[in-house]
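J.: Below you'll find work33.pdb; it's PDB, C-alpha atoms.
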ATOM      1  CA  MET A   1     -23.834 -15.389  -2.797  1.00  0.00           C
ATOM      2  CA  SER A   2     -24.213 -16.381  -6.442  1.00  0.00           C
ATOM      3  CA  SER A   3     -20.692 -15.936  -7.595  1.00  0.00           C
ATOM      4  CA  LEU A   4     -18.074 -16.149 -10.229  1.00  0.00           C
ATOM      5  CA  LEU A   5     -14.947 -17.925  -9.118  1.00  0.00           C
ATOM      6  CA  ASP A   6     -11.555 -17.401 -10.659  1.00  0.00           C
ATOM      7  CA  GLU A   7      -8.237 -18.695  -9.419  1.00  0.00           C
ATOM      8  CA  LEU A   8      -4.549 -17.965  -9.838  1.00  0.00           C
ATOM      9  CA  THR A   9      -1.499 -19.717  -8.435  1.00  0.00           C
ATOM     10  CA  ILE A  10       1.691 -17.711  -7.974  1.00  0.00           C
ATOM     11  CA  GLY A  11       5.098 -17.919  -6.371  1.00  0.00           C
ATOM     12  CA  ALA A  12       5.832 -15.872  -3.260  1.00  0.00           C
ATOM     13  CA  ASN A  13       8.040 -13.260  -4.931  1.00  0.00           C
ATOM     14  CA  GLY A  14       7.833  -9.641  -6.029  1.00  0.00           C
ATOM     15  CA  ASP A  15       7.328 -10.318  -9.744  1.00  0.00           C
ATOM     16  CA  ASP A  16       4.409 -12.609  -9.031  1.00  0.00           C
ATOM     17  CA  VAL A  17       2.871 -10.004  -6.733  1.00  0.00           C
ATOM     18  CA  ARG A  18       2.614  -7.781  -9.812  1.00  0.00           C
ATOM     19  CA  ARG A  19       1.143 -10.641 -11.841  1.00  0.00           C
ATOM     20  CA  ALA A  20      -1.436 -11.232  -9.135  1.00  0.00           C
ATOM     21  CA  SER A  21      -2.294  -7.548  -9.060  1.00  0.00           C
ATOM     22  CA  ASP A  22      -2.803  -7.457 -12.835  1.00  0.00           C
ATOM     23  CA  TRP A  23      -5.010 -10.561 -12.695  1.00  0.00           C
ATOM     24  CA  LEU A  24      -7.148  -9.220  -9.873  1.00  0.00           C
ATOM     25  CA  CYS A  25      -7.681  -5.803 -11.432  1.00  0.00           C
ATOM     26  CA  ALA A  26      -8.435  -7.151 -14.902  1.00  0.00           C
ATOM     27  CA  THR A  27     -10.897  -9.765 -13.633  1.00  0.00           C
ATOM     28  CA  CYS A  28     -12.693  -7.352 -11.325  1.00  0.00           C
ATOM     29  CA  ARG A  29     -13.044  -4.736 -14.069  1.00  0.00           C
ATOM     30  CA  ARG A  30     -14.296  -7.304 -16.563  1.00  0.00           C
ATOM     31  CA  HIS A  31     -17.051  -8.271 -14.144  1.00  0.00           C
ATOM     32  CA  GLY A  32     -18.232  -4.799 -13.216  1.00  0.00           C
ATOM     33  CA  VAL A  33     -16.596  -4.196  -9.834  1.00  0.00           C
ATOM     34  CA  PRO A  34     -16.585  -0.408  -9.323  1.00  0.00           C
ATOM     35  CA  GLU A  35     -13.131   1.101  -9.917  1.00  0.00           C
ATOM     36  CA  PRO A  36     -12.575   2.529  -6.403  1.00  0.00           C
ATOM     37  CA  LEU A  37     -13.202  -0.943  -4.996  1.00  0.00           C
ATOM     38  CA  VAL A  38     -10.848  -2.537  -7.533  1.00  0.00           C
ATOM     39  CA  GLU A  39      -8.133  -0.204  -6.234  1.00  0.00           C
ATOM     40  CA  ARG A  40      -8.903  -1.048  -2.619  1.00  0.00           C
ATOM     41  CA  LEU A  41      -8.849  -4.782  -3.277  1.00  0.00           C
ATOM     42  CA  ASP A  42      -5.582  -4.410  -5.211  1.00  0.00           C
ATOM     43  CA  LEU A  43      -4.007  -2.610  -2.252  1.00  0.00           C
ATOM     44  CA  CYS A  44      -5.210  -5.303   0.154  1.00  0.00           C
ATOM     45  CA  LEU A  45      -3.829  -8.037  -2.084  1.00  0.00           C
ATOM     46  CA  ASN A  46      -0.453  -6.302  -2.252  1.00  0.00           C
ATOM     47  CA  GLU A  47      -0.329  -6.045   1.523  1.00  0.00           C
ATOM     48  CA  VAL A  48      -1.410  -9.635   2.184  1.00  0.00           C
ATOM     49  CA  LEU A  49       1.143 -11.007  -0.266  1.00  0.00           C
ATOM     50  CA  ALA A  50       3.886  -8.757   1.122  1.00  0.00           C
ATOM     51  CA  ASN A  51       3.166 -10.148   4.597  1.00  0.00           C
ATOM     52  CA  VAL A  52       3.352 -13.706   3.273  1.00  0.00           C
ATOM     53  CA  ILE A  53       6.717 -13.048   1.635  1.00  0.00           C
ATOM     54  CA  VAL A  54       8.275 -11.076   4.477  1.00  0.00           C
ATOM     55  CA  HIS A  55       6.830 -12.828   7.541  1.00  0.00           C
ATOM     56  CA  GLY A  56       5.680 -16.236   6.359  1.00  0.00           C
ATOM     57  CA  GLY A  57       9.046 -17.948   6.681  1.00  0.00           C
ATOM     58  CA  GLY A  58      10.781 -20.397   4.367  1.00  0.00           C
ATOM     59  CA  THR A  59       7.715 -22.587   3.882  1.00  0.00           C
ATOM     60  CA  ALA A  60       5.699 -19.595   2.671  1.00  0.00           C
ATOM     61  CA  ARG A  61       8.301 -18.664   0.088  1.00  0.00           C
ATOM     62  CA  SER A  62       8.957 -22.169  -1.180  1.00  0.00           C
ATOM     63  CA  ALA A  63       5.343 -23.223  -1.754  1.00  0.00           C
ATOM     64  CA  PRO A  64       2.816 -21.846  -4.240  1.00  0.00           C
ATOM     65  CA  VAL A  65       0.361 -19.198  -3.101  1.00  0.00           C
ATOM     66  CA  ARG A  66      -3.193 -19.774  -4.263  1.00  0.00           C
ATOM     67  CA  LEU A  67      -5.566 -16.904  -4.930  1.00  0.00           C
ATOM     68  CA  MET A  68      -9.315 -17.300  -5.281  1.00  0.00           C
ATOM     69  CA  LEU A  69     -11.642 -14.519  -6.379  1.00  0.00           C
ATOM     70  CA  GLU A  70     -15.415 -14.528  -5.977  1.00  0.00           C
ATOM     71  CA  ILE A  71     -17.607 -11.823  -7.455  1.00  0.00           C
ATOM     72  CA  GLY A  72     -21.355 -11.910  -7.094  1.00  0.00           C
ATOM     73  CA  ARG A  73     -24.547 -10.576  -5.589  1.00  0.00           C
ATOM     74  CA  ASP A  74     -25.921 -10.976  -2.135  1.00  0.00           C
ATOM     75  CA  ASP A  75     -29.023  -9.270  -0.763  1.00  0.00           C
ATOM     76  CA  GLY A  76     -29.031  -6.450  -3.292  1.00  0.00           C
ATOM     77  CA  CYS A  77     -25.311  -5.781  -2.925  1.00  0.00           C
ATOM     78  CA  GLY A  78     -22.421  -6.603  -5.170  1.00  0.00           C
ATOM     79  CA  LYS A  79     -19.588  -8.399  -3.396  1.00  0.00           C
ATOM     80  CA  ALA A  80     -16.017  -9.236  -4.352  1.00  0.00           C
ATOM     81  CA  GLY A  81     -13.929 -11.436  -2.083  1.00  0.00           C
ATOM     82  CA  VAL A  82     -10.323 -12.573  -2.432  1.00  0.00           C
ATOM     83  CA  THR A  83      -8.899 -15.541  -0.539  1.00  0.00           C
ATOM     84  CA  VAL A  84      -5.125 -15.886  -0.250  1.00  0.00           C
ATOM     85  CA  SER A  85      -3.898 -19.348   0.702  1.00  0.00           C
ATOM     86  CA  ASP A  86      -0.253 -19.802   1.727  1.00  0.00           C
ATOM     87  CA  ALA A  87       1.856 -22.447   3.446  1.00  0.00           C
ATOM     88  CA  GLY A  88       3.639 -20.095   5.799  1.00  0.00           C
ATOM     89  CA  VAL A  89       3.791 -19.931   9.563  1.00  0.00           C
ATOM     90  CA  ALA A  90       0.252 -20.036  10.963  1.00  0.00           C
ATOM     91  CA  PHE A  91      -0.779 -16.448  11.572  1.00  0.00           C
ATOM     92  CA  ASP A  92      -4.201 -14.977  12.228  1.00  0.00           C
ATOM     93  CA  PRO A  93      -4.022 -11.266  11.474  1.00  0.00           C
ATOM     94  CA  LEU A  94      -7.449 -10.773  13.039  1.00  0.00           C
ATOM     95  CA  SER A  95      -5.920 -11.645  16.411  1.00  0.00           C
ATOM     96  CA  VAL A  96      -3.584  -8.644  16.292  1.00  0.00           C
ATOM     97  CA  PRO A  97      -5.121  -5.818  18.304  1.00  0.00           C
ATOM     98  CA  ALA A  98      -5.754  -2.572  16.470  1.00  0.00           C
ATOM     99  CA  ARG A  99      -3.403   0.130  17.605  1.00  0.00           C
ATOM    100  CA  ALA A 100      -3.849   3.857  17.971  1.00  0.00           C
ATOM    101  CA  SER A 101      -2.560   6.023  15.137  1.00  0.00           C
ATOM    102  CA  PRO A 102       0.597   7.986  15.981  1.00  0.00           C
ATOM    103  CA  LYS A 103       0.035  11.661  16.652  1.00  0.00           C
ATOM    104  CA  THR A 104       3.459  12.856  15.518  1.00  0.00           C
ATOM    105  CA  LEU A 105       6.091  11.861  13.012  1.00  0.00           C
ATOM    106  CA  GLU A 106       8.460  11.055  15.892  1.00  0.00           C
ATOM    107  CA  GLU A 107       5.998   8.522  17.293  1.00  0.00           C
ATOM    108  CA  ALA A 108       5.366   6.878  13.924  1.00  0.00           C
ATOM    109  CA  SER A 109       6.452   3.259  13.764  1.00  0.00           C
ATOM    110  CA  LEU A 110       7.657   1.711  10.521  1.00  0.00           C
ATOM    111  CA  GLY A 111       5.990  -1.628  11.278  1.00  0.00           C
ATOM    112  CA  GLY A 112       2.425  -2.894  11.145  1.00  0.00           C
ATOM    113  CA  LEU A 113       1.233  -0.564   8.408  1.00  0.00           C
ATOM    114  CA  GLY A 114       0.229  -3.393   6.091  1.00  0.00           C
ATOM    115  CA  LEU A 115      -2.313  -4.739   8.534  1.00  0.00           C
ATOM    116  CA  VAL A 116      -3.680  -1.250   9.136  1.00  0.00           C
ATOM    117  CA  MET A 117      -4.198  -0.848   5.396  1.00  0.00           C
ATOM    118  CA  ILE A 118      -5.863  -4.245   5.013  1.00  0.00           C
ATOM    119  CA  ARG A 119      -8.319  -3.455   7.790  1.00  0.00           C
ATOM    120  CA  ARG A 120      -9.134   0.029   6.510  1.00  0.00           C
ATOM    121  CA  CYS A 121      -9.431  -0.903   2.825  1.00  0.00           C
ATOM    122  CA  SER A 122     -11.611  -3.995   3.175  1.00  0.00           C
ATOM    123  CA  ASP A 123     -15.268  -4.308   4.158  1.00  0.00           C
ATOM    124  CA  TRP A 124     -14.762  -7.724   5.721  1.00  0.00           C
ATOM    125  CA  LEU A 125     -11.959 -10.052   6.760  1.00  0.00           C
ATOM    126  CA  ASP A 126     -11.971 -13.737   7.569  1.00  0.00           C
ATOM    127  CA  TYR A 127      -9.183 -16.096   8.588  1.00  0.00           C
ATOM    128  CA  ARG A 128      -8.887 -19.829   8.995  1.00  0.00           C
ATOM    129  CA  ASN A 129      -6.072 -22.338   8.977  1.00  0.00           C
ATOM    130  CA  GLU A 130      -6.734 -25.638   7.204  1.00  0.00           C
ATOM    131  CA  HIS A 131      -4.371 -28.508   6.517  1.00  0.00           C
ATOM    132  CA  GLY A 132      -1.359 -26.388   7.359  1.00  0.00           C
ATOM    133  CA  ARG A 133      -2.336 -23.479   5.150  1.00  0.00           C
ATOM    134  CA  ASN A 134      -3.360 -19.951   6.093  1.00  0.00           C
ATOM    135  CA  LEU A 135      -6.516 -18.784   4.339  1.00  0.00           C
ATOM    136  CA  LEU A 136      -7.149 -15.081   4.608  1.00  0.00           C
ATOM    137  CA  THR A 137     -10.187 -13.612   2.866  1.00  0.00           C
ATOM    138  CA  PHE A 138     -10.820  -9.922   2.389  1.00  0.00           C
ATOM    139  CA  GLY A 139     -13.621  -8.326   0.470  1.00  0.00           C
ATOM    140  CA  ALA A 140     -15.519  -5.258  -0.630  1.00  0.00           C
ATOM    141  CA  ARG A 141     -19.211  -4.677  -1.204  1.00  0.00           C
ATOM    142  CA  TRP A 142     -21.198  -2.086  -3.101  1.00  0.00           C
ATOM    143  CA  SER A 143     -24.823  -1.150  -3.576  1.00  0.00           C
ATOM    144  CA  LEU A 144     -26.513  -2.318  -6.749  1.00  0.00           C
ATOM    145  CA  GLN A 145     -29.227   0.365  -6.526  1.00  0.00           C
TER     146      GLN A 145
ATOM    147  CA  MET B 283       9.404   2.690 -11.463  1.00  0.00           C
ATOM    148  CA  SER B 284      11.464   5.842 -11.664  1.00  0.00           C
ATOM    149  CA  ILE B 285      12.830   8.475  -9.365  1.00  0.00           C
ATOM    150  CA  SER B 286      14.307  11.823 -10.361  1.00  0.00           C
ATOM    151  CA  TYR B 287      15.055  15.091  -8.652  1.00  0.00           C
ATOM    152  CA  GLU B 288      15.589  18.794  -9.197  1.00  0.00           C
ATOM    153  CA  ASP B 289      17.231  21.263  -6.848  1.00  0.00           C
ATOM    154  CA  VAL B 290      14.713  24.070  -7.240  1.00  0.00           C
ATOM    155  CA  ALA B 291      16.343  26.570  -4.897  1.00  0.00           C
ATOM    156  CA  GLN B 292      19.314  26.785  -2.594  1.00  0.00           C
ATOM    157  CA  ASP B 293      17.690  24.755   0.133  1.00  0.00           C
ATOM    158  CA  LEU B 294      14.792  23.082  -1.699  1.00  0.00           C
ATOM    159  CA  ARG B 295      14.811  19.738  -3.464  1.00  0.00           C
ATOM    160  CA  ARG B 296      11.910  18.298  -5.419  1.00  0.00           C
ATOM    161  CA  ILE B 297      11.888  14.538  -5.918  1.00  0.00           C
ATOM    162  CA  VAL B 298       9.498  12.909  -8.392  1.00  0.00           C
ATOM    163  CA  ILE B 299       8.550   9.260  -8.060  1.00  0.00           C
ATOM    164  CA  SER B 300       6.548   7.558 -10.811  1.00  0.00           C
ATOM    165  CA  GLY B 301       5.169   4.054 -11.234  1.00  0.00           C
ATOM    166  CA  ARG B 302       4.227   1.764  -8.355  1.00  0.00           C
ATOM    167  CA  LEU B 303       5.657   1.957  -4.848  1.00  0.00           C
ATOM    168  CA  ASP B 304       4.791  -1.665  -4.073  1.00  0.00           C
ATOM    169  CA  MET B 305       7.227  -4.368  -2.980  1.00  0.00           C
ATOM    170  CA  PRO B 306       9.292  -4.672  -6.189  1.00  0.00           C
ATOM    171  CA  GLY B 307       8.960  -0.949  -6.903  1.00  0.00           C
ATOM    172  CA  THR B 308      10.169   0.201  -3.506  1.00  0.00           C
ATOM    173  CA  ASP B 309      13.072  -2.243  -3.508  1.00  0.00           C
ATOM    174  CA  SER B 310      14.344  -0.536  -6.632  1.00  0.00           C
ATOM    175  CA  VAL B 311      14.160   3.063  -5.350  1.00  0.00           C
ATOM    176  CA  ALA B 312      14.376   2.927  -1.539  1.00  0.00           C
ATOM    177  CA  SER B 313      18.113   3.538  -1.307  1.00  0.00           C
ATOM    178  CA  GLN B 314      17.937   6.345  -3.883  1.00  0.00           C
ATOM    179  CA  LEU B 315      15.104   8.018  -1.983  1.00  0.00           C
ATOM    180  CA  ALA B 316      17.115   7.798   1.226  1.00  0.00           C
ATOM    181  CA  GLN B 317      20.142   9.357  -0.474  1.00  0.00           C
ATOM    182  CA  LEU B 318      18.123  12.129  -2.106  1.00  0.00           C
ATOM    183  CA  THR B 319      16.436  13.117   1.144  1.00  0.00           C
ATOM    184  CA  ALA B 320      19.681  13.036   3.106  1.00  0.00           C
ATOM    185  CA  ALA B 321      21.533  16.210   4.064  1.00  0.00           C
ATOM    186  CA  PRO B 322      22.039  18.995   3.236  1.00  0.00           C
ATOM    187  CA  LYS B 323      18.719  20.217   1.770  1.00  0.00           C
ATOM    188  CA  LYS B 324      16.336  21.175   4.556  1.00  0.00           C
ATOM    189  CA  ALA B 325      13.211  21.524   2.442  1.00  0.00           C
ATOM    190  CA  VAL B 326      12.167  18.433   0.517  1.00  0.00           C
ATOM    191  CA  ILE B 327       9.110  17.879  -1.639  1.00  0.00           C
ATOM    192  CA  VAL B 328       8.295  14.362  -2.800  1.00  0.00           C
ATOM    193  CA  ASP B 329       5.980  14.539  -5.781  1.00  0.00           C
ATOM    194  CA  LEU B 330       3.760  11.454  -5.912  1.00  0.00           C
ATOM    195  CA  SER B 331       1.298  12.840  -8.445  1.00  0.00           C
ATOM    196  CA  HIS B 332       2.530  10.382 -11.090  1.00  0.00           C
ATOM    197  CA  LEU B 333       2.425   7.396  -8.757  1.00  0.00           C
ATOM    198  CA  LYS B 334      -0.189   4.695  -9.412  1.00  0.00           C
ATOM    199  CA  VAL B 335       0.051   2.619  -6.223  1.00  0.00           C
ATOM    200  CA  LEU B 336       1.466   3.348  -2.761  1.00  0.00           C
ATOM    201  CA  ALA B 337       1.777   0.202  -0.635  1.00  0.00           C
ATOM    202  CA  SER B 338       2.867   0.115   2.991  1.00  0.00           C
ATOM    203  CA  ILE B 339       6.465  -0.641   2.039  1.00  0.00           C
ATOM    204  CA  GLY B 340       6.503   2.624   0.115  1.00  0.00           C
ATOM    205  CA  ILE B 341       4.925   4.481   3.010  1.00  0.00           C
ATOM    206  CA  ARG B 342       7.636   3.156   5.305  1.00  0.00           C
ATOM    207  CA  ALA B 343      10.296   4.573   2.992  1.00  0.00           C
ATOM    208  CA  LEU B 344       8.532   7.955   3.000  1.00  0.00           C
ATOM    209  CA  ILE B 345       8.187   8.029   6.797  1.00  0.00           C
ATOM    210  CA  SER B 346      11.832   7.123   7.200  1.00  0.00           C
ATOM    211  CA  SER B 347      12.890   9.943   4.865  1.00  0.00           C
ATOM    212  CA  ALA B 348      10.561  12.460   6.537  1.00  0.00           C
ATOM    213  CA  LYS B 349      12.040  11.594   9.920  1.00  0.00           C
ATOM    214  CA  ASP B 350      15.580  12.102   8.593  1.00  0.00           C
ATOM    215  CA  VAL B 351      14.677  15.516   7.199  1.00  0.00           C
ATOM    216  CA  GLN B 352      12.975  16.521  10.442  1.00  0.00           C
ATOM    217  CA  LYS B 353      15.973  15.415  12.535  1.00  0.00           C
ATOM    218  CA  ARG B 354      18.168  17.963  10.792  1.00  0.00           C
ATOM    219  CA  GLY B 355      15.617  20.733  11.351  1.00  0.00           C
ATOM    220  CA  GLY B 356      13.936  20.575   7.960  1.00  0.00           C
ATOM    221  CA  LYS B 357      10.511  19.663   6.563  1.00  0.00           C
ATOM    222  CA  MET B 358       9.257  17.232   3.961  1.00  0.00           C
ATOM    223  CA  ALA B 359       5.931  17.445   2.157  1.00  0.00           C
ATOM    224  CA  LEU B 360       4.168  15.264  -0.387  1.00  0.00           C
ATOM    225  CA  VAL B 361       2.340  16.261  -3.555  1.00  0.00           C
ATOM    226  CA  VAL B 362      -0.577  13.929  -4.175  1.00  0.00           C
ATOM    227  CA  ASN B 363      -3.668  13.984  -6.365  1.00  0.00           C
ATOM    228  CA  LYS B 364      -6.532  14.258  -3.888  1.00  0.00           C
ATOM    229  CA  GLY B 365      -9.057  11.444  -4.368  1.00  0.00           C
ATOM    230  CA  SER B 366      -6.427   9.129  -5.837  1.00  0.00           C
ATOM    231  CA  THR B 367      -5.563   5.652  -4.645  1.00  0.00           C
ATOM    232  CA  VAL B 368      -2.273   7.079  -3.335  1.00  0.00           C
ATOM    233  CA  MET B 369      -4.250   9.486  -1.163  1.00  0.00           C
ATOM    234  CA  MET B 370      -6.329   6.545   0.025  1.00  0.00           C
ATOM    235  CA  SER B 371      -3.169   4.762   1.206  1.00  0.00           C
ATOM    236  CA  LEU B 372      -1.980   7.832   3.103  1.00  0.00           C
ATOM    237  CA  GLU B 373      -5.379   8.339   4.746  1.00  0.00           C
ATOM    238  CA  ALA B 374      -5.792   4.657   5.618  1.00  0.00           C
ATOM    239  CA  THR B 375      -2.500   4.665   7.531  1.00  0.00           C
ATOM    240  CA  GLY B 376      -2.916   8.123   9.048  1.00  0.00           C
ATOM    241  CA  VAL B 377       0.277   9.341   7.381  1.00  0.00           C
ATOM    242  CA  ASP B 378      -1.595  12.334   5.954  1.00  0.00           C
ATOM    243  CA  GLU B 379      -1.727  13.620   9.540  1.00  0.00           C
ATOM    244  CA  LEU B 380       2.037  13.242  10.008  1.00  0.00           C
ATOM    245  CA  ILE B 381       3.515  14.537   6.745  1.00  0.00           C
ATOM    246  CA  PRO B 382       1.957  17.527   4.934  1.00  0.00           C
ATOM    247  CA  VAL B 383       0.040  16.294   1.880  1.00  0.00           C
ATOM    248  CA  CYS B 384      -0.492  18.986  -0.739  1.00  0.00           C
ATOM    249  CA  GLY B 385      -2.444  19.123  -3.965  1.00  0.00           C
ATOM    250  CA  ASN B 386       0.220  21.010  -5.910  1.00  0.00           C
ATOM    251  CA  LEU B 387       3.809  22.204  -5.812  1.00  0.00           C
ATOM    252  CA  ARG B 388       2.981  25.732  -4.689  1.00  0.00           C
ATOM    253  CA  GLU B 389       1.180  24.458  -1.590  1.00  0.00           C
ATOM    254  CA  ALA B 390       4.042  22.053  -0.905  1.00  0.00           C
ATOM    255  CA  GLU B 391       6.639  24.828  -1.141  1.00  0.00           C
ATOM    256  CA  LYS B 392       4.679  26.879   1.378  1.00  0.00           C
ATOM    257  CA  ALA B 393       4.584  23.853   3.684  1.00  0.00           C
ATOM    258  CA  VAL B 394       8.339  23.255   3.680  1.00  0.00           C
ATOM    259  CA  LEU B 395       9.972  26.671   3.269  1.00  0.00           C
ATOM    260  CA  PRO B 396      10.412  28.940   6.295  1.00  0.00           C
TER     261      PRO B 396
END
The structure in this file should be written as C-alpha cells.

T.:
Amino acid sequence: MSSLLDELTIGANGDDVRRASDWLCATCRRHGVPEPLVERLDLCLNEVLANVIVHGGGTARSAPVRLMLEIGRDDGCGKAGVTVSDAGVAFDPLSVPARASPKTLEEASLGGLGLVMIRRCSDWLDYRNEHGRNLLTFGARWSLQ
Amino acid sequence: MSISYEDVAQDLRRIVISGRLDMPGTDSVASQLAQLTAAPKKAVIVDLSHLKVLASIGIRALISSAKDVQKRGGKMALVVNKGSTVMMSLEATGVDELIPVCGNLREAEKAVLP
C-alpha cells in the first residue's frame, strides 16, 4: 500500500486516550478517510487503549504507548490502519474465541465487550509481539469508485 | 461529560448524558448513573441523543443500571439517534437486543411504562 505514516506517543492514561482520539480523527479527516470509518477507527482505538490500561499490568502503564497510522491506497481501495504498540503483558486478542451474544439482559456479561467492539468495527486485525512489545493493528477499508 | 435528570412522572425518571462515555468520561459519571437508576423509580429512560461516543466501559455502566432496574420489576430504555456512532456501539455489542433503543422520548416512554 502506498501510504502516509503518522505517529504519536502517549502515556497509558485516560487523558492521553482523549489526545490519541483527537489525533487519529483529525489526521484521518485531513487525509480523506470517510467519516463513518473515522468513527469506527476512533472506537477501536479507544477500546485497544482501554485494554492496555486496564489489563496490561504495571509495565503497560509505566511505559509509553506508540501509535502508528497508515492511510493509503491498495488495489482500488482506500485503507487506514492503526498500530498500537505497548509494553504490557503479552496478549494476543486474536487468540480469544468469539463468544455468542447474550439473548437476555440477565445473561449479559459485563466483560469482554471491548474485544467484541474491536472485531465488529474493524475490517482487519493483526497481532504480533516483538522485543517485548505487543503490536496490535486494526484497520478499515473503503471503495475509491 | 455531564449527567442530569428529571422526574417526569410519579414513577418515570429521564436521565440525560452528554459528551463522551469513554474511559475518562465514564469514570466521572458511573457512580452518578448508578445512583440515579437506583430505586425507587421503576421506569427509567437514559437519553443518549447528545452523546458523541459510547465505548464499552460506558456500555457496561448502562447494562449494570438496566439490570438493577429490571431486578426491582422495572424497565429501562435508551434514546439514541439512529445511524449515529452511539447506535453503532450498541449494535456492535448486541446491546440493542437487550435494552430497548428508541429514536425519541415518546417511543421510550411507551417502552418503559406499563

J.: When distances are computed from all atoms listed in the file, which of A:Leu135, A:Val33, A:Leu45, A:Ala26 shows the smallest separation from Asp86 in chain A?

T.: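 Among the listed residues, the smallest separation from Asp86 in chain A belongs to A:Leu135.
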
J.: For range 332-342 of chain B, please output as number ranges by chain all residues within 8 Å (counting only C-alpha atoms; exclusion window: fewer than 6 positions along the same chain).

T.: A: 43, 46-47, 110-111, 113-114, 117; B: 298-305, 308, 367-368, 371-372

J.: From the set A:Leu4, A:Ala50, A:Ala108, A:Ile71, which residue has the shortest atom-to-atom contact distance to Ser21 in chain A, counting only C-alpha atoms?

T.: A:Ala50

J.: Which protein, DNA or RNA residues have an atom at most 12 Å from (16.0, 13.8, -5.9), counting only C-alpha atoms? List them as a PyMOL selection string.

T.: chain B and resi 284-290+294-299+311-321+323+325-329+347

J.: So which one's closest to Leu144 in chain A, A:Lys79, A:Arg40, A:Arg19, A:Lys103? Using all atoms listed in the file, please.

T.: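 Nearest to Leu144 in chain A: A:Lys79.
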
J.: Apply the PyMOL selection byres ((chain A) within 12 of (chain B)) to the displayed file and report the matching residues as number ranges by chain.

T.: A: 12-19, 21, 35-54, 98-122

J.: Keeping only C-alpha atoms, write the selected residues as a compact mmCIF listing (two decimals), in the frame of the given file.

T.:
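File produced: result_11.txt:
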# COMPACT_ATOMS: atom_id res chain seq x y z
CA ALA A 12 5.83 -15.87 -3.26
CA ASN A 13 8.04 -13.26 -4.93
CA GLY A 14 7.83 -9.64 -6.03
CA ASP A 15 7.33 -10.32 -9.74
CA ASP A 16 4.41 -12.61 -9.03
CA VAL A 17 2.87 -10.00 -6.73
CA ARG A 18 2.61 -7.78 -9.81
CA ARG A 19 1.14 -10.64 -11.84
CA SER A 21 -2.29 -7.55 -9.06
CA GLU A 35 -13.13 1.10 -9.92
CA PRO A 36 -12.58 2.53 -6.40
CA LEU A 37 -13.20 -0.94 -5.00
CA VAL A 38 -10.85 -2.54 -7.53
CA GLU A 39 -8.13 -0.20 -6.23
CA ARG A 40 -8.90 -1.05 -2.62
CA LEU A 41 -8.85 -4.78 -3.28
CA ASP A 42 -5.58 -4.41 -5.21
CA LEU A 43 -4.01 -2.61 -2.25
CA CYS A 44 -5.21 -5.30 0.15
CA LEU A 45 -3.83 -8.04 -2.08
CA ASN A 46 -0.45 -6.30 -2.25
CA GLU A 47 -0.33 -6.04 1.52
CA VAL A 48 -1.41 -9.64 2.18
CA LEU A 49 1.14 -11.01 -0.27
CA ALA A 50 3.89 -8.76 1.12
CA ASN A 51 3.17 -10.15 4.60
CA VAL A 52 3.35 -13.71 3.27
CA ILE A 53 6.72 -13.05 1.64
CA VAL A 54 8.28 -11.08 4.48
CA ALA A 98 -5.75 -2.57 16.47
CA ARG A 99 -3.40 0.13 17.60
CA ALA A 100 -3.85 3.86 17.97
CA SER A 101 -2.56 6.02 15.14
CA PRO A 102 0.60 7.99 15.98
CA LYS A 103 0.04 11.66 16.65
CA THR A 104 3.46 12.86 15.52
CA LEU A 105 6.09 11.86 13.01
CA GLU A 106 8.46 11.06 15.89
CA GLU A 107 6.00 8.52 17.29
CA ALA A 108 5.37 6.88 13.92
CA SER A 109 6.45 3.26 13.76
CA LEU A 110 7.66 1.71 10.52
CA GLY A 111 5.99 -1.63 11.28
CA GLY A 112 2.42 -2.89 11.14
CA LEU A 113 1.23 -0.56 8.41
CA GLY A 114 0.23 -3.39 6.09
CA LEU A 115 -2.31 -4.74 8.53
CA VAL A 116 -3.68 -1.25 9.14
CA MET A 117 -4.20 -0.85 5.40
CA ILE A 118 -5.86 -4.24 5.01
CA ARG A 119 -8.32 -3.46 7.79
CA ARG A 120 -9.13 0.03 6.51
CA CYS A 121 -9.43 -0.90 2.82
CA SER A 122 -11.61 -4.00 3.18

J.: Which residues fall under the PyMOL selection byres ((chain B and resi 382) around 9) in this file, as JSON, numbers by chain?

T.: {"B": [357, 358, 359, 360, 361, 377, 378, 379, 380, 381, 383, 384, 390, 393, 394]}

J.: Give me, please, the distance in Å between CA of Gln292 in chain B and CA of Leu395 in chain B, quoted to one decimal.

T.: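 For CA of Gln292 in chain B relative to CA of Leu395 in chain B, the distance reads 11.0 Å.
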
J.: At what distance in Å, to one decimal, does CA of Ala60 in chain A lie from CA of Val82 in chain A?

T.: 18.2 Å

J.: Could you state the separation of CA of Ile10 in chain A and CA of Ser95 in chain A in Å, given to one decimal place?

T.: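 Taking CA of Ile10 in chain A as the start and CA of Ser95 in chain A as the end point, the length is 26.3 Å.
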
J.: Translate the PyMOL selection byres ((chain A and resi 80) around 7) into a concrete residue list for this structure, as a ChimeraX atom specification.

T.: /A:70-72,78-79,81-82,139-141

J.: Considering only C-alpha atoms, state which residue in the set A:Leu8, A:Val89, A:Ala20, A:Val84 is at the smallest distance from Leu125 in chain A.

T.: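 With only C-alpha atoms as the atom set, the closest residue is A:Val84.
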
J.: Using all atoms listed in the file - which residues lie no farther than 6 Å from the point (-9.8, -13.8, 2.1) in the file's frame? Write them as a list in words.

T.: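 Every residue inside that radius is included here: Val82, Thr83, Val84, Asp126, Leu136, Thr137 and Phe138 of chain A.
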
J.: May I have the residues from that selection written out with C-alpha atoms, as an mmCIF file, in the coordinates of the input?

T.:
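And here's selection15.cif as it stands now:
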data_model
loop_
_atom_site.group_PDB
_atom_site.id
_atom_site.type_symbol
_atom_site.label_atom_id
_atom_site.label_comp_id
_atom_site.auth_asym_id
_atom_site.auth_seq_id
_atom_site.Cartn_x
_atom_site.Cartn_y
_atom_site.Cartn_z
ATOM 1 C CA VAL A 82 -10.323 -12.573 -2.432
ATOM 2 C CA THR A 83 -8.899 -15.541 -0.539
ATOM 3 C CA VAL A 84 -5.125 -15.886 -0.250
ATOM 4 C CA ASP A 126 -11.971 -13.737 7.569
ATOM 5 C CA LEU A 136 -7.149 -15.081 4.608
ATOM 6 C CA THR A 137 -10.187 -13.612 2.866
ATOM 7 C CA PHE A 138 -10.820 -9.922 2.389
#

J.: Which is closest to Arg66 in chain A among A:Leu5, A:Cys28, A:Ala87, A:Leu94, if we use all atoms listed in the file?

T.: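 Distance minimum relative to Arg66 in chain A lands on A:Ala87.
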